[in-house]
$ cat final-v7.txt   # compact mmCIF, C-alpha atoms
# COMPACT_ATOMS: atom_id res chain seq x y z
CA MET K 168 24.27 4.39 5.98
CA ASN K 169 25.22 6.54 8.93
CA GLY K 170 29.00 6.55 8.76
CA SER K 171 29.57 7.11 12.47
CA THR K 172 27.55 4.11 13.65
CA ASP K 173 27.33 1.89 10.56
CA VAL K 174 23.58 1.81 11.10
CA ILE K 175 21.34 1.98 8.05
CA LEU K 176 18.80 4.71 8.77
CA VAL K 177 15.42 4.49 7.04
CA GLY K 178 11.95 5.67 7.91
CA LEU K 179 8.31 6.12 7.02
CA ILE K 180 6.78 9.50 6.21
CA GLY K 181 3.03 9.71 6.64
CA ALA K 182 0.16 11.01 8.76
CA ALA K 183 -1.18 9.14 11.81
CA ILE K 184 1.18 6.19 11.33
CA GLN K 185 1.96 5.22 14.93
CA GLN K 186 0.45 1.75 14.42
CA SER K 187 2.63 1.00 11.41
CA LYS K 188 4.21 -2.47 11.33
CA SER K 189 7.02 -1.34 9.02
CA PRO K 190 9.64 -0.75 11.75
CA ALA K 191 9.25 -4.29 13.09
CA LEU K 192 9.33 -5.87 9.62
CA HIS K 193 12.43 -4.02 8.43
CA GLU K 194 14.42 -4.21 11.65
CA ALA K 195 13.77 -7.91 12.23
CA GLU K 196 14.78 -8.83 8.70
CA ALA K 197 17.92 -6.72 9.01
CA ARG K 198 18.89 -8.55 12.21
CA ALA K 199 18.34 -11.90 10.52
CA LEU K 200 20.71 -10.82 7.74
CA GLY K 201 23.34 -9.47 10.12
CA LEU K 202 22.65 -5.83 9.27
CA LYS K 203 22.23 -2.91 11.65
CA LEU K 204 19.14 -0.99 10.60
CA SER K 205 16.98 1.57 12.37
CA TYR K 206 13.54 2.24 10.94
CA ARG K 207 11.91 5.40 12.29
CA LEU K 208 8.42 6.83 12.05
CA ILE K 209 8.24 10.36 10.66
CA ASP K 210 4.65 11.23 11.47
CA LEU K 211 3.41 14.61 10.28
CA LYS K 212 0.58 14.40 12.82
CA ALA K 213 2.82 13.82 15.83
CA PRO K 214 5.71 15.67 17.49
CA PRO K 215 8.46 16.42 16.67
CA PHE K 216 7.52 16.42 12.98
CA ASP K 217 4.03 17.94 13.06
CA ASP K 218 5.34 21.42 12.32
CA ARG K 219 7.34 20.35 9.25
CA THR K 220 6.37 20.21 5.59
CA LEU K 221 6.90 17.16 3.40
CA SER K 222 9.62 18.99 1.49
CA GLU K 223 11.42 19.94 4.69
CA LEU K 224 11.33 16.37 5.98
CA LEU K 225 12.84 14.94 2.80
CA VAL K 226 15.69 17.43 3.01
CA TRP K 227 16.08 16.72 6.72
CA ALA K 228 16.22 12.94 6.23
CA LEU K 229 18.78 13.30 3.46
CA GLY K 230 20.91 15.55 5.66
CA GLU K 231 20.63 13.15 8.62
CA GLY K 232 22.20 10.34 6.60
CA TYR K 233 19.09 8.30 5.87
CA SER K 234 19.42 5.75 3.07
CA GLY K 235 15.82 6.42 2.14
CA VAL K 236 12.24 6.62 3.34
CA ASN K 237 8.95 4.95 2.65
CA VAL K 238 6.04 7.30 1.94
CA THR K 239 2.44 6.54 2.82
CA HIS K 240 -0.96 8.24 2.97
CA PRO K 241 -1.54 11.00 2.06
CA TYR K 242 1.77 11.78 0.33
CA LYS K 243 2.31 9.12 -2.35
CA GLN K 244 1.51 11.54 -5.15
CA ALA K 245 2.33 14.82 -3.41
CA VAL K 246 5.93 13.68 -3.01
CA ILE K 247 6.58 13.34 -6.75
CA PRO K 248 7.33 17.02 -7.55
CA LEU K 249 9.85 17.05 -4.70
CA LEU K 250 12.00 14.28 -6.16
CA ASP K 251 14.94 14.38 -8.55
CA ALA K 252 13.99 11.30 -10.55
CA LEU K 253 11.51 8.43 -10.74
CA SER K 254 11.99 4.78 -11.53
CA GLU K 255 10.21 3.53 -14.63
CA GLU K 256 7.63 1.77 -12.45
CA ALA K 257 6.89 4.84 -10.32
CA ALA K 258 6.58 7.06 -13.39
CA MET K 259 4.20 4.59 -15.03
CA ILE K 260 1.98 4.30 -11.94
CA GLY K 261 2.15 7.96 -10.97
CA ALA K 262 2.72 7.29 -7.28
CA VAL K 263 5.74 6.77 -5.01
CA ASN K 264 5.93 4.80 -1.79
CA THR K 265 9.73 4.48 -1.53
CA VAL K 266 12.37 7.20 -1.87
CA VAL K 267 16.03 6.20 -2.06
CA PHE K 268 18.76 8.78 -1.46
CA GLU K 269 21.62 8.34 -3.91
CA ASP K 270 24.55 10.78 -4.08
CA GLY K 271 22.41 13.61 -2.71
CA ARG K 272 19.53 12.86 -5.08
CA LYS K 273 16.02 11.72 -4.15
CA ILE K 274 14.87 8.85 -6.35
CA GLY K 275 11.24 7.70 -6.23
CA HIS K 276 10.14 4.07 -6.57
CA ASN K 277 6.87 2.18 -6.27
CA THR K 278 6.81 -1.21 -4.55
CA ASP K 279 3.08 -1.12 -3.74
CA GLU K 280 1.98 -2.41 -7.14
CA TRP K 281 4.07 -5.56 -6.94
CA GLY K 282 3.22 -5.97 -3.26
CA PHE K 283 -0.52 -5.97 -3.92
CA ARG K 284 -0.20 -8.10 -7.04
CA GLU K 285 1.90 -10.75 -5.30
CA SER K 286 -0.43 -10.86 -2.29
CA PHE K 287 -3.50 -11.23 -4.49
CA ARG K 288 -1.84 -13.83 -6.72
CA ARG K 289 -0.94 -16.01 -3.74
CA GLN K 290 -4.36 -15.81 -2.11
CA MET K 291 -6.77 -15.48 -5.02
CA SER K 292 -5.13 -17.11 -8.03
CA ASP K 293 -8.45 -18.69 -9.06
CA ALA K 294 -10.63 -15.63 -8.44
CA PRO K 295 -12.89 -14.53 -11.32
CA LEU K 296 -11.58 -11.32 -12.88
CA GLY K 297 -14.25 -10.54 -15.42
CA ARG K 298 -15.49 -7.31 -13.88
CA VAL K 299 -13.70 -5.69 -10.95
CA VAL K 300 -14.68 -2.54 -9.07
CA GLN K 301 -12.11 -0.45 -7.22
CA ILE K 302 -12.92 2.20 -4.64
CA GLY K 303 -10.16 4.81 -4.45
CA ALA K 304 -8.07 6.57 -7.08
CA GLY K 305 -5.28 8.07 -4.97
CA GLY K 306 -1.67 6.98 -4.68
CA ALA K 307 -2.42 3.48 -3.38
CA GLY K 308 -5.31 3.16 -5.81
CA ALA K 309 -3.05 3.91 -8.76
CA ALA K 310 -0.86 0.97 -7.73
CA THR K 311 -3.69 -1.49 -7.10
CA ALA K 312 -5.42 -0.54 -10.36
CA HIS K 313 -2.25 -1.27 -12.32
CA ALA K 314 -1.93 -4.53 -10.41
CA MET K 315 -5.47 -5.70 -11.19
CA LEU K 316 -5.08 -5.02 -14.88
CA ARG K 317 -1.71 -6.79 -14.90
CA LEU K 318 -3.36 -9.72 -13.14
CA GLY K 319 -5.77 -9.97 -16.05
CA ALA K 320 -8.95 -8.15 -15.01
CA ASP K 321 -11.12 -7.94 -18.12
CA PHE K 322 -12.71 -4.67 -17.04
CA LEU K 323 -11.93 -2.39 -14.10
CA SER K 324 -14.37 0.27 -12.87
CA ILE K 325 -12.80 2.97 -10.69
CA PHE K 326 -14.96 4.85 -8.21
CA ASP K 327 -13.74 7.77 -6.10
CA ALA K 328 -15.48 10.53 -4.19
CA ASP K 329 -13.41 12.86 -6.36
CA THR K 330 -14.83 12.00 -9.77
CA ALA K 331 -12.16 13.98 -11.61
CA ARG K 332 -9.44 11.96 -9.90
CA ALA K 333 -11.13 8.68 -10.86
CA LYS K 334 -11.39 9.80 -14.48
CA ALA K 335 -7.76 10.95 -14.58
CA LEU K 336 -6.56 7.56 -13.31
CA ALA K 337 -8.84 5.65 -15.70
CA ASP K 338 -7.65 7.74 -18.65
CA LYS K 339 -4.01 7.09 -17.75
CA LEU K 340 -4.61 3.36 -17.42
CA ALA K 341 -6.48 3.29 -20.73
CA THR K 342 -3.41 4.59 -22.57
CA ARG K 343 -1.47 1.55 -21.37
CA PHE K 344 -4.04 -1.23 -21.10
CA GLY K 345 -6.65 -0.12 -23.63
CA ALA K 346 -9.83 1.95 -23.33
CA GLY K 347 -11.95 -1.21 -23.38
CA ARG K 348 -10.55 -2.44 -20.06
CA VAL K 349 -11.01 0.46 -17.66
CA ALA K 350 -13.34 3.36 -16.95
CA ALA K 351 -14.28 5.74 -14.16
CA ALA K 352 -17.58 4.93 -12.47
CA ALA K 353 -20.03 7.54 -11.20
CA ASP K 354 -22.55 5.07 -9.74
CA LEU K 355 -21.00 2.56 -7.33
CA GLU K 356 -24.20 0.59 -6.84
CA LEU K 357 -24.63 0.15 -10.59
CA VAL K 358 -21.14 -1.21 -11.30
CA LEU K 359 -21.19 -3.51 -8.27
CA ARG K 360 -24.35 -5.28 -9.43
CA ASP K 361 -22.54 -7.51 -11.91
CA ALA K 362 -19.01 -7.30 -10.48
CA ASP K 363 -16.93 -10.34 -9.55
CA GLY K 364 -14.80 -8.53 -7.01
CA LEU K 365 -14.12 -5.36 -5.08
CA VAL K 366 -10.76 -3.72 -4.36
CA HIS K 367 -10.74 -1.17 -1.55
CA ALA K 368 -7.92 1.38 -1.87
CA THR K 369 -8.79 4.30 0.42
CA PRO K 370 -7.79 5.03 4.06
CA THR K 371 -11.31 4.24 5.31
CA GLY K 372 -11.10 1.56 7.95
CA MET K 373 -7.78 2.74 9.38
CA ALA K 374 -7.71 3.55 13.07
CA ASP K 375 -7.74 7.25 12.17
CA HIS K 376 -10.48 6.82 9.52
CA PRO K 377 -12.99 4.28 10.94
CA GLY K 378 -16.04 3.02 9.10
CA LEU K 379 -17.09 1.41 5.85
CA PRO K 380 -16.10 2.74 2.40
CA LEU K 381 -19.50 1.85 0.90
CA PRO K 382 -23.08 1.19 2.00
CA ALA K 383 -23.21 -2.24 3.67
CA GLU K 384 -26.12 -3.36 1.53
CA LEU K 385 -23.96 -3.25 -1.63
CA LEU K 386 -21.89 -6.24 -0.48
CA ARG K 387 -23.00 -9.79 -1.28
CA ALA K 388 -21.54 -13.25 -0.72
CA SER K 389 -20.60 -13.79 -4.37
CA LEU K 390 -18.16 -10.85 -4.33
CA TRP K 391 -14.53 -11.33 -3.41
CA VAL K 392 -13.11 -8.38 -1.46
CA ALA K 393 -9.48 -7.22 -1.39
CA GLU K 394 -8.40 -4.67 1.23
CA ILE K 395 -5.22 -2.56 1.41
CA VAL K 396 -5.64 -1.23 4.97
CA TYR K 397 -3.65 -3.29 7.45
CA PHE K 398 -3.87 -1.41 10.73
CA PRO K 399 -6.18 -2.69 11.95
CA LEU K 400 -5.88 -5.83 9.85
CA GLU K 401 -9.52 -6.71 10.47
CA THR K 402 -11.24 -3.63 9.05
CA ALA K 403 -14.97 -3.06 9.23
CA LEU K 404 -15.14 -3.90 5.52
CA LEU K 405 -13.40 -7.24 5.93
CA ALA K 406 -15.41 -8.15 9.01
CA LEU K 407 -18.67 -7.53 7.15
CA ALA K 408 -17.47 -9.29 4.00
CA ARG K 409 -16.45 -12.39 5.95
CA GLU K 410 -19.75 -12.39 7.83
CA LEU K 411 -21.53 -12.47 4.47
CA GLY K 412 -19.34 -15.31 3.22
CA CYS K 413 -17.16 -13.35 0.78
CA ARG K 414 -13.67 -14.54 -0.08
CA THR K 415 -11.26 -11.90 1.21
CA VAL K 416 -7.70 -10.63 0.94
CA ASP K 417 -6.52 -8.50 3.84
CA GLY K 418 -3.85 -5.81 3.69
CA GLY K 419 -1.15 -7.84 5.42
CA GLY K 420 0.27 -9.51 2.35
CA MET K 421 0.60 -6.24 0.47
CA VAL K 422 2.46 -4.55 3.32
CA VAL K 423 4.89 -7.46 3.70
CA PHE K 424 5.71 -7.76 0.01
CA GLN K 425 6.03 -4.02 -0.61
CA ALA K 426 8.26 -3.80 2.48
CA GLY K 427 10.50 -6.55 1.17
CA ARG K 428 11.04 -4.78 -2.12
CA ALA K 429 11.69 -1.48 -0.32
CA PHE K 430 14.15 -3.20 2.04
CA GLU K 431 16.22 -4.34 -0.93
CA LEU K 432 16.20 -0.84 -2.41
CA PHE K 433 17.38 0.64 0.91
CA THR K 434 20.06 -1.94 1.73
CA GLY K 435 21.08 -3.55 -1.54
CA VAL K 436 20.40 -6.93 0.10
CA ALA K 437 17.54 -9.22 -0.94
CA PRO K 438 15.32 -10.16 2.03
CA ASP K 439 13.80 -13.53 2.74
CA MET K 440 10.14 -12.86 1.92
CA GLU K 441 8.94 -16.06 3.54
CA ARG K 442 10.70 -15.11 6.76
CA MET K 443 9.04 -11.70 6.67
CA LEU K 444 5.64 -13.33 6.20
CA ALA K 445 6.33 -15.65 9.13
CA LEU K 446 7.30 -12.66 11.29
CA PHE K 447 4.05 -10.94 10.43
CA ARG K 448 2.09 -14.02 11.50
CA ALA K 449 4.07 -14.45 14.71
CA ARG K 450 4.25 -10.81 15.80
CA PHE K 451 0.81 -9.60 14.88
CA GLY K 452 -1.38 -12.54 15.77
CA CYS K 453 -2.41 -13.57 12.28
CA GLY K 454 -1.12 -14.39 8.87
CA PRO K 455 -1.37 -12.18 5.82
CA PHE K 456 -3.13 -15.19 4.32
CA GLY K 457 -5.51 -15.87 7.19
CA GLU K 458 -8.10 -14.17 9.34
CA ALA K 459 -7.05 -11.59 11.87
CA ARG K 460 -7.77 -11.96 15.53
CA SER K 461 -10.64 -9.83 16.76
CA THR K 462 -8.27 -7.52 18.63
CA PRO K 463 -5.40 -6.33 16.41
CA ALA K 464 -1.95 -6.30 17.90
CA GLU K 465 -0.28 -2.98 18.44
CA GLY K 466 3.00 -2.13 16.79
$ encode --input "final-v7.txt" --output "structure tokens"
Amino acid sequence: MNGSTDVILVGLIGAAIQQSKSPALHEAEARALGLKLSYRLIDLKAPPFDDRTLSELLVWALGEGYSGVNVTHPYKQAVIPLLDALSEEAAMIGAVNTVVFEDGRKIGHNTDEWGFRESFRRQMSDAPLGRVVQIGAGGAGAATAHAMLRLGADFLSIFDADTARAKALADKLATRFGAGRVAAAADLELVLRDADGLVHATPTGMADHPGLPLPAELLRASLWVAEIVYFPLETALLALARELGCRTVDGGGMVVFQAGRAFELFTGVAPDMERMLALFRARFGCGPFGEARSTPAEG
């Protein structure tokens, strides 16, 4: 907390994040709880931060009196060597999306895993989890992969353009969940043939990374599709999946639930998750548990 103004300063470090909904979510919940909170975007692709390194920005935020920062693409793993300690959850997952400053120390946490898991559980509690394919093995992918195995996926295939990264994540997961439940996949078409569902955990589909993360012909109506991208909420992947008749989970639920957990870490006050979900619906023209409008809201 900034001692001179009694305002809790927090922020988001990432690249091309001007459409992030995090400031609105955090600041509105703080107002509802009677807290003064300012949530700022620290965008390494936009002035005045585009000439700074990740390490410099962490030191800067700490010196400016921030209570902490969220961390998003592409820094969820790169930030780890710059921290003083990790929570048990962050260490297990191998990715950080929330850094709390405590007594001059930088402590890394991961709220993405629970955020994705809770969103999926609420929307797809009856979804078949026999064989699941995940595209993406980066920081967000590490969280969603842990979440799917915790949710009970019998077997998870992980595909990534960087095959070594996919294998490294699969090997790490196998040490915790068992080698018989997870493996890296070299052939996306092959593993999707008999899959029940698809988790997309790459930046493809974001405003700064448009397009589909896989050939369109690999989708079919019997697949459920879970997306982590939320700006825009209606990604090309989700639009195509819904056109085909797939059951879908958009990225809205994950962002709300991970934000709620991060909010509590920053402020020490538990948020009202249902109120945050309602805000998302009201402010951004859709619900995390419903279809987006064709034109995403800005924010």
$ residues_around --input "final-v7.txt" --residues "range 185-201 of chain K" --least-positions-apart "2" --cutoff "7 Å" --atoms "all atoms listed in the file" --output "list of chain:residue names"
K:Ala183, K:Lys203, K:Leu204, K:Ser205, K:Tyr206, K:Arg207, K:Phe398, K:Phe430, K:Pro438, K:Met443, K:Glu465, K:Gly466
$ atom_distance --input "final-v7.txt" --atom1 "CA of Pro215 in chain K" --atom2 "CA of Ala182 in chain K"
12.7 Å
$ closest_residue --input "final-v7.txt" --among "K:Leu250, K:Val263, K:Leu176, K:Ile274" --to "Leu208 in chain K" --atoms "only C-alpha atoms"
K:Leu176
$ atom_distance --input "final-v7.txt" --atom1 "CA of Trp391 in chain K" --atom2 "CA of Leu296 in chain K"
9.9 Å
$ residues_near_point --input "final-v7.txt" --point "(7.8, -8.8, -0.6)" --cutoff "9 Å" --atoms "all atoms listed in the file" --output "ChimeraX atom specification"
/K:278,281-282,285-286,420-430,438-441,443-444
$ residues_around --input "final-v7.txt" --residues "Gly305 in chain K" --least-positions-apart "2" --cutoff "8 Å" --atoms "all atoms listed in the file" --output "ChimeraX atom specification"
/K:244,303,307-309,332,368-369
$ write_last_selection --input "final-v7.txt" --atoms "C-alpha atoms" --output "PDB file, in the frame of the given file"
ATOM      1  CA  GLN K 244       1.510  11.540  -5.150  1.00  0.00           C
ATOM      2  CA  GLY K 303     -10.160   4.810  -4.450  1.00  0.00           C
ATOM      3  CA  ALA K 307      -2.420   3.480  -3.380  1.00  0.00           C
ATOM      4  CA  GLY K 308      -5.310   3.160  -5.810  1.00  0.00           C
ATOM      5  CA  ALA K 309      -3.050   3.910  -8.760  1.00  0.00           C
ATOM      6  CA  ARG K 332      -9.440  11.960  -9.900  1.00  0.00           C
ATOM      7  CA  ALA K 368      -7.920   1.380  -1.870  1.00  0.00           C
ATOM      8  CA  THR K 369      -8.790   4.300   0.420  1.00  0.00           C
TER       9      THR K 369
END
$ closest_atom_pairs --input "final-v7.txt" --of "range 241-294 of chain K" --to "range 312-321 of chain K" --cutoff "12 Å" --atoms "only C-alpha atoms" --output "CSV"
residue,atom,partner,partner_atom,distance
K:Glu256,CA,K:His313,CA,10.3
K:Ala257,CA,K:His313,CA,11.2
K:Met259,CA,K:His313,CA,9.1
K:Ile260,CA,K:His313,CA,7.0
K:Gly261,CA,K:His313,CA,10.3
K:Ala262,CA,K:His313,CA,11.1
K:Asn277,CA,K:His313,CA,11.5
K:Thr278,CA,K:Ala314,CA,11.0
K:Asp279,CA,K:Ala314,CA,9.0
K:Glu280,CA,K:Ala314,CA,5.5
K:Trp281,CA,K:Ala314,CA,7.0
K:Gly282,CA,K:Ala314,CA,8.9
K:Phe283,CA,K:Ala314,CA,6.8
K:Arg284,CA,K:Ala314,CA,5.2
K:Glu285,CA,K:Ala314,CA,8.9
K:Ser286,CA,K:Ala314,CA,10.4
K:Phe287,CA,K:Leu318,CA,8.8
K:Arg288,CA,K:Leu318,CA,7.8
K:Arg289,CA,K:Leu318,CA,11.6
K:Met291,CA,K:Leu318,CA,10.5
K:Ser292,CA,K:Leu318,CA,9.2
K:Asp293,CA,K:Leu318,CA,11.1
K:Ala294,CA,K:Ala320,CA,10.1
$ residues_around --input "final-v7.txt" --residues "Leu336 in chain K" --least-positions-apart "3" --cutoff "8 Å" --atoms "only C-alpha atoms" --output "PyMOL selection string"
chain K and resi 304+309+332-333+339-340+351
$ write_last_selection --input "final-v7.txt" --atoms "C-alpha atoms" --output "CSV table (one decimal), keeping the file's coordinate frame"
chain,number,residue,atom,x,y,z
K,304,ALA,CA,-8.1,6.6,-7.1
K,309,ALA,CA,-3.0,3.9,-8.8
K,332,ARG,CA,-9.4,12.0,-9.9
K,333,ALA,CA,-11.1,8.7,-10.9
K,339,LYS,CA,-4.0,7.1,-17.8
K,340,LEU,CA,-4.6,3.4,-17.4
K,351,ALA,CA,-14.3,5.7,-14.2
$ build_atoms --input "final-v7.txt" --residues "range 362-395 of chain K" --atoms "N, CA and C atoms" --output "PDB file, keeping the file's coordinate frame"
ATOM      1  N   ALA K 362     -20.453  -7.169 -10.686  1.00  0.00           N
ATOM      2  CA  ALA K 362     -19.010  -7.300 -10.480  1.00  0.00           C
ATOM      3  C   ALA K 362     -18.662  -8.649  -9.863  1.00  0.00           C
ATOM      4  N   ASP K 363     -17.456  -9.122 -10.180  1.00  0.00           N
ATOM      5  CA  ASP K 363     -16.930 -10.340  -9.550  1.00  0.00           C
ATOM      6  C   ASP K 363     -16.215 -10.022  -8.240  1.00  0.00           C
ATOM      7  N   GLY K 364     -15.579  -8.844  -8.196  1.00  0.00           N
ATOM      8  CA  GLY K 364     -14.800  -8.530  -7.010  1.00  0.00           C
ATOM      9  C   GLY K 364     -14.684  -7.052  -6.753  1.00  0.00           C
ATOM     10  N   LEU K 365     -14.265  -6.742  -5.531  1.00  0.00           N
ATOM     11  CA  LEU K 365     -14.120  -5.360  -5.080  1.00  0.00           C
ATOM     12  C   LEU K 365     -12.737  -5.160  -4.479  1.00  0.00           C
ATOM     13  N   VAL K 366     -12.032  -4.122  -4.943  1.00  0.00           N
ATOM     14  CA  VAL K 366     -10.760  -3.720  -4.360  1.00  0.00           C
ATOM     15  C   VAL K 366     -10.991  -2.418  -3.599  1.00  0.00           C
ATOM     16  N   HIS K 367     -10.602  -2.395  -2.322  1.00  0.00           N
ATOM     17  CA  HIS K 367     -10.740  -1.170  -1.550  1.00  0.00           C
ATOM     18  C   HIS K 367      -9.371  -0.536  -1.382  1.00  0.00           C
ATOM     19  N   ALA K 368      -9.216   0.704  -1.874  1.00  0.00           N
ATOM     20  CA  ALA K 368      -7.920   1.380  -1.870  1.00  0.00           C
ATOM     21  C   ALA K 368      -8.025   2.813  -1.365  1.00  0.00           C
ATOM     22  N   THR K 369      -8.739   3.002  -0.245  1.00  0.00           N
ATOM     23  CA  THR K 369      -8.790   4.300   0.420  1.00  0.00           C
ATOM     24  C   THR K 369      -8.372   4.098   1.883  1.00  0.00           C
ATOM     25  N   PRO K 370      -8.167   5.178   2.647  1.00  0.00           N
ATOM     26  CA  PRO K 370      -7.790   5.030   4.060  1.00  0.00           C
ATOM     27  C   PRO K 370      -8.956   4.625   4.974  1.00  0.00           C
ATOM     28  N   THR K 371     -10.173   4.571   4.464  1.00  0.00           N
ATOM     29  CA  THR K 371     -11.310   4.240   5.310  1.00  0.00           C
ATOM     30  C   THR K 371     -11.135   2.858   5.931  1.00  0.00           C
ATOM     31  N   GLY K 372     -11.313   2.813   7.230  1.00  0.00           N
ATOM     32  CA  GLY K 372     -11.100   1.560   7.950  1.00  0.00           C
ATOM     33  C   GLY K 372      -9.854   1.607   8.816  1.00  0.00           C
ATOM     34  N   MET K 373      -8.944   2.554   8.516  1.00  0.00           N
ATOM     35  CA  MET K 373      -7.780   2.740   9.380  1.00  0.00           C
ATOM     36  C   MET K 373      -8.239   3.258  10.737  1.00  0.00           C
ATOM     37  N   ALA K 374      -7.362   3.094  11.725  1.00  0.00           N
ATOM     38  CA  ALA K 374      -7.710   3.550  13.070  1.00  0.00           C
ATOM     39  C   ALA K 374      -8.102   5.020  13.080  1.00  0.00           C
ATOM     40  N   ASP K 375      -7.462   5.815  12.218  1.00  0.00           N
ATOM     41  CA  ASP K 375      -7.740   7.250  12.170  1.00  0.00           C
ATOM     42  C   ASP K 375      -8.893   7.593  11.232  1.00  0.00           C
ATOM     43  N   HIS K 376      -9.382   6.596  10.464  1.00  0.00           N
ATOM     44  CA  HIS K 376     -10.480   6.820   9.520  1.00  0.00           C
ATOM     45  C   HIS K 376     -11.472   5.650   9.613  1.00  0.00           C
ATOM     46  N   PRO K 377     -12.140   5.460  10.756  1.00  0.00           N
ATOM     47  CA  PRO K 377     -12.990   4.280  10.940  1.00  0.00           C
ATOM     48  C   PRO K 377     -14.226   4.304  10.045  1.00  0.00           C
ATOM     49  N   GLY K 378     -14.790   3.120   9.841  1.00  0.00           N
ATOM     50  CA  GLY K 378     -16.040   3.020   9.100  1.00  0.00           C
ATOM     51  C   GLY K 378     -15.924   2.169   7.855  1.00  0.00           C
ATOM     52  N   LEU K 379     -17.003   2.165   7.103  1.00  0.00           N
ATOM     53  CA  LEU K 379     -17.090   1.410   5.850  1.00  0.00           C
ATOM     54  C   LEU K 379     -16.911   2.355   4.665  1.00  0.00           C
ATOM     55  N   PRO K 380     -16.280   1.890   3.572  1.00  0.00           N
ATOM     56  CA  PRO K 380     -16.100   2.740   2.400  1.00  0.00           C
ATOM     57  C   PRO K 380     -17.287   2.727   1.436  1.00  0.00           C
ATOM     58  N   LEU K 381     -18.322   1.955   1.768  1.00  0.00           N
ATOM     59  CA  LEU K 381     -19.500   1.850   0.900  1.00  0.00           C
ATOM     60  C   LEU K 381     -20.690   1.437   1.747  1.00  0.00           C
ATOM     61  N   PRO K 382     -21.903   1.654   1.260  1.00  0.00           N
ATOM     62  CA  PRO K 382     -23.080   1.190   2.000  1.00  0.00           C
ATOM     63  C   PRO K 382     -23.037  -0.327   2.180  1.00  0.00           C
ATOM     64  N   ALA K 383     -23.320  -0.810   3.366  1.00  0.00           N
ATOM     65  CA  ALA K 383     -23.210  -2.240   3.670  1.00  0.00           C
ATOM     66  C   ALA K 383     -24.071  -3.092   2.750  1.00  0.00           C
ATOM     67  N   GLU K 384     -25.201  -2.564   2.336  1.00  0.00           N
ATOM     68  CA  GLU K 384     -26.120  -3.360   1.530  1.00  0.00           C
ATOM     69  C   GLU K 384     -25.596  -3.652   0.114  1.00  0.00           C
ATOM     70  N   LEU K 385     -24.522  -2.996  -0.285  1.00  0.00           N
ATOM     71  CA  LEU K 385     -23.960  -3.250  -1.630  1.00  0.00           C
ATOM     72  C   LEU K 385     -23.087  -4.494  -1.667  1.00  0.00           C
ATOM     73  N   LEU K 386     -22.696  -5.012  -0.511  1.00  0.00           N
ATOM     74  CA  LEU K 386     -21.890  -6.240  -0.480  1.00  0.00           C
ATOM     75  C   LEU K 386     -22.808  -7.456  -0.598  1.00  0.00           C
ATOM     76  N   ARG K 387     -22.261  -8.529  -1.196  1.00  0.00           N
ATOM     77  CA  ARG K 387     -23.000  -9.790  -1.280  1.00  0.00           C
ATOM     78  C   ARG K 387     -21.986 -10.936  -1.254  1.00  0.00           C
ATOM     79  N   ALA K 388     -22.441 -12.112  -0.929  1.00  0.00           N
ATOM     80  CA  ALA K 388     -21.540 -13.250  -0.720  1.00  0.00           C
ATOM     81  C   ALA K 388     -20.749 -13.619  -1.955  1.00  0.00           C
ATOM     82  N   SER K 389     -21.290 -13.372  -3.137  1.00  0.00           N
ATOM     83  CA  SER K 389     -20.600 -13.790  -4.370  1.00  0.00           C
ATOM     84  C   SER K 389     -19.447 -12.878  -4.757  1.00  0.00           C
ATOM     85  N   LEU K 390     -19.289 -11.746  -4.071  1.00  0.00           N
ATOM     86  CA  LEU K 390     -18.160 -10.850  -4.330  1.00  0.00           C
ATOM     87  C   LEU K 390     -16.931 -11.308  -3.569  1.00  0.00           C
ATOM     88  N   TRP K 391     -15.753 -11.272  -4.204  1.00  0.00           N
ATOM     89  CA  TRP K 391     -14.530 -11.330  -3.410  1.00  0.00           C
ATOM     90  C   TRP K 391     -14.143  -9.890  -3.064  1.00  0.00           C
ATOM     91  N   VAL K 392     -13.458  -9.715  -1.949  1.00  0.00           N
ATOM     92  CA  VAL K 392     -13.110  -8.380  -1.460  1.00  0.00           C
ATOM     93  C   VAL K 392     -11.631  -8.343  -1.106  1.00  0.00           C
ATOM     94  N   ALA K 393     -10.903  -7.400  -1.683  1.00  0.00           N
ATOM     95  CA  ALA K 393      -9.480  -7.220  -1.390  1.00  0.00           C
ATOM     96  C   ALA K 393      -9.278  -5.862  -0.734  1.00  0.00           C
ATOM     97  N   GLU K 394      -8.594  -5.862   0.393  1.00  0.00           N
ATOM     98  CA  GLU K 394      -8.400  -4.670   1.230  1.00  0.00           C
ATOM     99  C   GLU K 394      -6.915  -4.289   1.227  1.00  0.00           C
ATOM    100  N   ILE K 395      -6.619  -2.970   1.281  1.00  0.00           N
ATOM    101  CA  ILE K 395      -5.220  -2.560   1.410  1.00  0.00           C
ATOM    102  C   ILE K 395      -4.889  -2.075   2.818  1.00  0.00           C
TER     103      ILE K 395
END
